[in-house]
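Listing of final_16.cif; format and content: mmCIF, C-alpha atoms.
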```cif
data_run
#
loop_
_atom_site.label_atom_id
_atom_site.label_comp_id
_atom_site.auth_asym_id
_atom_site.auth_seq_id
_atom_site.Cartn_x
_atom_site.Cartn_y
_atom_site.Cartn_z
CA MET A 1 57.74 -198.63 90.29
CA ASP A 2 54.26 -197.13 90.10
CA PRO A 3 53.32 -194.34 92.56
CA VAL A 4 50.91 -196.51 94.57
CA THR A 5 53.52 -199.20 95.21
CA PHE A 6 56.14 -196.57 96.02
CA ALA A 7 53.77 -195.04 98.59
CA ALA A 8 53.19 -198.47 100.15
CA PHE A 9 56.94 -199.04 100.60
CA ALA A 10 57.31 -195.52 102.01
CA ARG A 11 54.54 -196.26 104.52
CA ILE A 12 56.37 -199.40 105.69
CA GLU A 13 59.62 -197.47 106.09
CA ARG A 14 57.87 -194.74 108.11
CA ARG A 15 56.20 -197.26 110.42
CA ALA A 16 59.45 -199.21 110.84
CA GLU A 17 61.25 -195.96 111.74
CA GLU A 18 58.73 -195.27 114.49
CA VAL A 19 59.26 -198.72 115.98
CA ARG A 20 63.06 -198.41 115.75
CA HIS A 21 62.93 -195.20 117.79
CA ALA A 22 60.61 -196.58 120.47
CA TYR A 23 63.38 -196.54 123.09
CA ASP A 24 65.28 -193.46 121.92
CA PRO A 25 65.44 -190.74 124.61
CA ALA A 26 62.49 -188.36 124.29
CA PHE A 27 61.60 -189.43 120.73
CA ARG A 28 58.12 -188.15 119.78
CA PRO A 29 56.26 -189.74 116.84
CA ALA A 30 54.43 -187.35 114.53
CA ASP A 31 51.40 -189.67 114.64
CA THR A 32 49.78 -188.74 117.96
CA GLU A 33 47.88 -192.05 118.02
CA LEU A 34 51.21 -193.82 118.48
CA ARG A 35 52.10 -191.92 121.64
CA ARG A 36 51.84 -193.65 124.99
CA ARG A 37 48.51 -192.98 126.73
CA GLU A 38 50.19 -192.55 130.12
CA GLY A 39 52.86 -190.26 128.69
CA PRO A 40 56.60 -190.78 128.23
CA GLN A 41 58.43 -192.89 130.78
CA VAL A 42 61.24 -191.46 132.89
CA TYR A 43 64.26 -193.40 134.09
CA PRO A 44 66.53 -192.75 137.11
CA ASP A 45 69.93 -191.25 136.31
CA VAL A 46 72.46 -190.27 138.97
CA ASP A 47 74.15 -187.70 136.73
CA PRO A 48 73.68 -184.22 138.30
CA LEU A 49 72.89 -182.84 134.84
CA ALA A 50 70.26 -185.46 133.94
CA THR A 51 66.81 -183.92 133.95
CA ALA A 52 63.37 -184.20 132.36
CA PRO A 53 61.04 -181.31 131.52
CA PRO A 54 57.61 -180.84 133.09
CA LYS A 55 54.70 -182.35 131.16
CA GLY A 56 54.14 -180.70 127.79
CA ALA A 57 57.32 -178.60 127.93
CA PHE A 58 60.48 -178.70 125.81
CA PHE A 59 64.06 -177.62 126.34
CA VAL A 60 65.37 -175.05 123.87
CA VAL A 61 68.68 -175.64 122.10
CA THR A 62 70.55 -173.96 119.26
CA ASP A 63 73.06 -175.21 116.72
CA GLY A 64 76.18 -173.50 115.42
CA ALA A 65 74.13 -171.57 112.86
CA GLY A 66 71.88 -170.15 115.58
CA LYS A 67 68.84 -172.20 114.55
CA ARG A 68 66.62 -173.24 117.44
CA ALA A 69 65.32 -176.72 118.07
CA TYR A 70 63.23 -178.22 120.84
CA THR A 71 63.71 -181.45 122.76
CA GLN A 72 62.56 -183.36 125.80
CA ASP A 73 65.89 -185.16 126.03
CA GLY A 74 67.58 -183.84 129.16
CA GLY A 75 70.75 -185.88 128.83
CA PHE A 76 72.88 -182.75 129.22
CA ARG A 77 76.65 -182.56 129.55
CA PHE A 78 79.15 -179.87 130.51
CA GLU A 79 81.79 -179.35 127.83
CA GLY A 80 84.22 -176.47 127.44
CA GLY A 81 82.33 -174.50 130.05
CA ALA A 82 79.00 -174.77 128.20
CA LEU A 83 75.86 -176.75 128.93
CA ARG A 84 75.17 -178.93 125.92
CA ALA A 85 72.45 -181.31 124.80
CA SER A 86 73.17 -184.93 123.92
CA ASN A 87 73.66 -183.96 120.25
CA GLY A 88 76.17 -181.23 121.13
CA ALA A 89 73.79 -178.30 120.67
CA SER A 90 73.98 -175.38 123.11
CA VAL A 91 71.27 -175.33 125.78
CA LEU A 92 69.53 -171.97 126.09
CA GLY A 93 68.63 -170.27 129.33
CA PHE A 94 68.26 -166.94 131.08
CA ARG A 95 71.37 -165.43 132.61
CA PRO A 96 70.98 -163.31 135.76
CA GLY A 97 69.50 -159.93 134.84
CA GLN A 98 68.68 -160.94 131.25
CA ASN A 99 65.24 -161.50 129.73
CA ALA A 100 66.38 -163.03 126.44
CA ALA A 101 67.41 -166.67 126.25
CA SER A 102 71.03 -167.34 125.27
CA PRO A 103 73.50 -170.26 125.49
CA LEU A 104 74.39 -171.15 129.08
CA ALA A 105 78.16 -171.06 129.53
CA VAL A 106 80.74 -169.90 132.05
CA SER A 107 83.78 -167.70 131.44
CA ALA A 108 86.32 -169.26 129.08
CA VAL A 109 89.08 -167.85 131.31
CA ASP A 110 87.72 -169.65 134.38
CA VAL A 111 87.54 -172.87 132.38
CA ALA A 112 91.10 -172.49 131.08
CA LEU A 113 92.39 -171.94 134.62
CA GLY A 114 90.52 -174.96 135.94
CA ARG A 115 88.40 -172.90 138.33
CA VAL A 116 85.04 -174.43 137.39
CA HIS A 117 83.71 -177.81 138.47
CA SER A 118 80.69 -179.69 139.85
CA PRO A 119 77.94 -178.42 137.51
CA ARG A 120 74.40 -179.04 138.71
CA ILE A 121 70.78 -178.50 137.66
CA ASP A 122 68.03 -177.81 140.19
CA PRO A 123 64.23 -178.22 139.86
CA ASP A 124 63.74 -174.46 139.27
CA GLY A 125 66.03 -174.72 136.24
CA SER A 126 69.03 -173.16 137.96
CA PHE A 127 72.27 -174.25 136.32
CA THR A 128 75.08 -173.70 138.81
CA CYS A 129 78.77 -174.48 139.06
CA ALA A 130 81.33 -174.43 141.85
CA LEU A 131 83.90 -171.68 141.21
CA ARG A 132 87.34 -171.59 142.83
CA SER A 133 89.09 -168.26 143.32
CA LEU A 134 92.02 -166.85 145.28
CA ASP A 135 91.39 -164.60 148.27
CA SER A 136 93.77 -161.69 147.73
CA GLY A 137 93.85 -160.92 151.44
CA THR A 138 94.70 -164.37 152.82
CA GLY A 139 96.06 -166.06 149.74
CA ARG A 140 93.72 -168.96 150.34
CA THR A 141 91.61 -170.66 147.73
CA ILE A 142 87.92 -170.10 148.31
CA GLU A 143 85.05 -171.84 146.63
CA ARG A 144 81.50 -170.68 146.02
CA ARG A 145 78.58 -171.90 143.94
CA VAL A 146 77.58 -169.46 141.23
CA LEU A 147 74.42 -169.25 139.14
CA VAL A 148 75.15 -169.44 135.43
CA GLY A 149 71.48 -169.07 134.51
CA ARG A 150 68.09 -170.76 134.47
CA ILE A 151 67.28 -173.24 131.75
CA ALA A 152 64.68 -172.08 129.23
CA LEU A 153 61.51 -174.05 128.54
CA ALA A 154 59.12 -173.86 125.60
CA SER A 155 55.47 -174.80 125.24
CA PHE A 156 53.35 -174.95 122.10
CA PRO A 157 49.64 -174.25 121.48
CA ALA A 158 47.36 -177.27 121.66
CA ALA A 159 47.54 -179.48 118.56
CA SER A 160 50.62 -177.56 117.38
CA GLU A 161 53.40 -179.41 119.19
CA PRO A 162 56.36 -180.57 117.12
CA GLY A 163 56.78 -184.29 116.68
CA ASP A 164 58.65 -187.06 114.87
CA GLY A 165 62.08 -186.85 116.43
CA THR A 166 64.20 -186.20 119.49
CA PHE A 167 65.32 -182.75 118.33
CA VAL A 168 62.59 -180.98 116.38
CA ARG A 169 61.83 -177.60 114.84
CA ALA A 170 58.79 -175.48 115.60
CA PRO A 171 55.92 -176.06 113.15
CA ALA A 172 55.67 -173.43 110.41
CA GLY A 173 53.92 -170.30 111.61
CA VAL A 174 53.88 -171.42 115.26
CA ALA A 175 55.70 -169.37 117.90
CA PRO A 176 56.24 -171.25 121.18
CA THR A 177 55.93 -169.63 124.59
CA ILE A 178 59.37 -169.38 126.21
CA GLY A 179 59.80 -169.23 129.98
CA ARG A 180 61.50 -170.57 133.09
CA PRO A 181 60.72 -173.65 135.22
CA MET A 182 58.43 -172.91 138.17
CA ASP A 183 57.42 -169.63 136.58
CA GLY A 184 54.72 -168.41 134.22
CA GLY A 185 52.73 -171.63 134.18
CA PHE A 186 55.70 -173.95 133.76
CA GLY A 187 56.22 -176.72 136.31
CA GLY A 188 59.56 -177.65 137.81
CA LEU A 189 62.19 -179.87 136.25
CA HIS A 190 62.53 -183.51 137.26
CA VAL A 191 66.17 -183.95 138.24
CA HIS A 192 68.33 -187.08 138.24
CA VAL A 193 66.06 -188.69 135.64
CA ARG A 194 65.94 -189.04 131.85
CA GLN A 195 62.80 -189.06 129.78
CA GLY A 196 62.33 -192.07 127.53
CA GLY A 197 60.64 -192.31 124.16
CA ASP A 198 56.94 -191.57 123.68
CA VAL A 199 56.13 -194.43 121.31
CA ASP A 200 53.46 -196.99 122.15
CA LEU A 201 55.43 -200.02 120.93
CA GLU A 202 52.39 -202.30 120.67
CA ALA A 203 50.48 -199.76 118.56
CA GLY A 204 53.58 -199.14 116.44
CA LEU A 205 54.02 -202.83 115.68
CA GLU A 206 50.34 -203.13 114.77
CA ARG A 207 50.64 -200.19 112.34
CA LEU A 208 53.74 -201.81 110.83
CA ARG A 209 51.86 -205.09 110.38
CA GLU A 210 49.02 -203.22 108.67
CA ALA A 211 51.48 -201.51 106.32
CA TYR A 212 52.96 -204.88 105.29
CA ALA A 213 49.46 -206.35 104.83
CA SER A 214 48.55 -203.42 102.59
CA LEU A 215 51.64 -204.02 100.45
CA ASP A 216 50.87 -207.75 100.20
CA ALA A 217 47.33 -206.97 99.05
CA LEU A 218 48.64 -204.49 96.49
CA GLN A 219 51.16 -206.99 95.12
CA ALA A 220 48.47 -209.68 94.93
CA ALA A 221 46.25 -207.28 92.97
CA HIS A 222 49.10 -206.48 90.58
CA LYS A 223 49.79 -210.18 90.07
CA ALA A 224 46.12 -210.90 89.41
CA THR A 225 45.99 -208.06 86.88
CA GLY A 226 49.17 -209.31 85.23
CA ASP A 227 47.84 -212.88 85.02
CA ALA A 228 44.59 -211.64 83.50
CA GLU A 229 46.45 -209.58 80.90
CA LYS A 230 48.67 -212.57 80.08
CA THR A 231 45.65 -214.82 79.61
CA ALA A 232 43.95 -212.25 77.38
CA THR A 233 47.09 -211.93 75.25
CA GLU A 234 47.38 -215.71 74.84
CA LEU A 235 43.72 -215.94 73.79
CA LEU A 236 44.26 -213.27 71.13
CA LYS A 237 47.19 -215.27 69.80
#
```
Would you mind writing the file out in C-alpha cells?
Amino acid sequence: MDPVTFAAFARIERRAEEVRHAYDPAFRPADTELRRREGPQVYPDVDPLATAPPKGAFFVVTDGAGKRAYTQDGGFRFEGGALRASNGASVLGFRPGQNAASPLAVSAVDVALGRVHSPRIDPDGSFTCALRSLDSGTGRTIERRVLVGRIALASFPAASEPGDGTFVRAPAGVAPTIGRPMDGGFGGLHVHVRQGGDVDLEAGLERLREAYASLDALQAAHKATGDAEKTATELLK
C-alpha cells in the first residue's frame, strides 16, 4: 500500500475512534474543533463518590509505576481503603498538614478491622470517611467522620491542555498547576454527577464522512491511472 493510501485509511480510523468515544466518560478529542461548543455534559449520579471537576480542571491520578495522568472522569470508587479512579489508578490529593500531593488512602489496619465506611466527597474536595473506634473509658463504639485529604486538581496553560483520551499525560514540556478545589483560582467540585464525553457527535460524523470521501476520491484516481496505463500498454502491443 502506498503512503498516501495508508494515510487515508489512518485518517478514517482516527475519525471513527473519535465517534466511538463520543459517549465515553470525560473523553476529550485531540482535535479541539470536535469538542462541544457548550462544554462537556454532566449526568446525575447518586453515588457519594461521583463528582465532576470545575471547568478547565483535571483530576490527578497515578499508576503503579508512579506516573501521573490527568482525567475529568470522576467515577471514583473506594477499594482497599484507597480512593481510585475508574481505571484503578490512585487518586492524588493533599493530606492534612501536607503540601505535596499523594495517593488518598486510609490506614490499612483500620480497613482490615472493618472500622472504615461511608466514604464521601464534598465540593471543596474533602474526601472523608466514617471511622469507628472503641472508647476505652466506656467500652462503647464511637463513630466520627475523619478527613483523609483534599482531592488535587490540575490546570494547564491555554492551548496546552492534554487531549485525545479519558486518561491523558501532560504534553511534553508542559507543567500543570496543581491545587485544591475552592482554592488558588480553582472552582469547587460538582458532586453527585459524572462528566460525559466532550465530542461533538455531529461534527465527528461529518469529519468521518469527509475521510471516507477522500479515500473514495483517491481510489478513483488510482483506478483512472491504472486504466490509462493499461490502455497505453495495449496500444504499444
**Message:** When you count all atoms listed in the file, which of these residues is closest to Leu83 (chain A): A:Arg35, A:Arg120, A:Arg28, A:Arg115?
**Reply:**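 The closest residue to Leu83 (chain A) is A:Arg120.
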**Asked** From the set A:Ser155, A:Thr5, A:Asn87, A:Thr166, which residue has the shortest atom-to-atom contact distance to Gly197 (chain A), counting all atoms listed in the file?
**Response**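 Among the listed residues, A:Thr166 lies closest to Gly197 (chain A).
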**Item:** Resolved residues for the PyMOL selection byres ((chain A and resi 90-92) around 8) as a list in words
**Value:** Phe59, Val60, Val61, Thr62, Asp63, Ala82, Leu83, Arg84, Ala85, Gly88, Ala89, Gly93, Phe94, Ala101, Ser102, Pro103, Leu104, Ile151 and Ala152 of chain A
**Message:** To one decimal place in Å, what is the distance between CA of Ala203 (chain A) and CA of Thr71 (chain A)?
**Reply:**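 We find that CA of Ala203 (chain A) and CA of Thr71 (chain A) lie 23.0 Å from each other.
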**Item:** Distance of CA of Thr51 (chain A) from CA of Pro25 (chain A), expressed in Å to one decimal place
**Value:**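 Atom-to-atom, CA of Pro25 (chain A) and CA of Thr51 (chain A) are spaced 11.6 Å apart.
Restricting the calculation to all atoms listed in the file, the smallest distance between Lys67 (chain A) and any of A:Ala211, A:Leu113, A:Ala158, A:Ala170 is found for A:Ala170.
Here the PyMOL selection byres ((chain A and resi 161) around 9) matches the residues Gly56, Ser155, Phe156, Pro157, Ala158, Ala159, Ser160, Pro162, Gly163, Ala170, Pro171, Val174 and Pro176 of chain A.
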**Item:** Pick from A:Arg132, A:Thr225, A:Ala154, A:Gly137 nearest to Ala175 (chain A), counting only C-alpha atoms
**Value:** A:Ala154
**Request:** Translate the PyMOL selection byres ((chain A and resi 36) around 9), as applied to the file shown, into an explicit residue set as a ChimeraX atom specification.
**Result:** /A:32-35,37-41,197-201,203
**Selected residue, from A:Glu13, A:Asp45, A:Asp31, A:Asp122, that lies nearest to Pro181 (chain A) when counting only C-alpha atoms** =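 Result for the nearest residue to Pro181 (chain A): A:Asp122.
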**Message:** Which residue is closest to Ala112 (chain A)? Choose from A:Gly97, A:Gly81, A:Gly75, A:Asp135 and count only C-alpha atoms.
**Reply:**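 For Ala112 (chain A), the nearest of the candidates is A:Gly81.
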**Asked** If you measure from CA of Pro29 (chain A) to CA of Arg68 (chain A), what distance in Å do you get, rounded to one decimal?
**Response**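 Spanning CA of Pro29 (chain A) to CA of Arg68 (chain A) is a straight-line distance of 19.5 Å.
For Ser214 (chain A), the non-local neighbours within 12 Å, defined as residues at least 4 positions apart in the same chain or in other chains and counting all atoms listed in the file, are Val4, Thr5, Ala7, Ala8, Phe9, Ala10, Arg11, Ile12, Arg207, Leu208, Arg209, Glu210, Leu218, Gln219, Ala220 and Ala221 of chain A.
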**Prompt:** Can you find the residues with an atom no farther than 8 Å from (68.1, -190.7, 133.0), counting all atoms listed in the file, and report them as an MDAnalysis selection string?
**Reply:** chainID A and resid 42:47 50:51 74:75 192:195
**Item:** Near-Leu49 (chain A) list (7 Å; all atoms listed in the file; drop same-chain fewer than 4 positions) as a ChimeraX atom specification
**Value:** /A:76-77,120-121
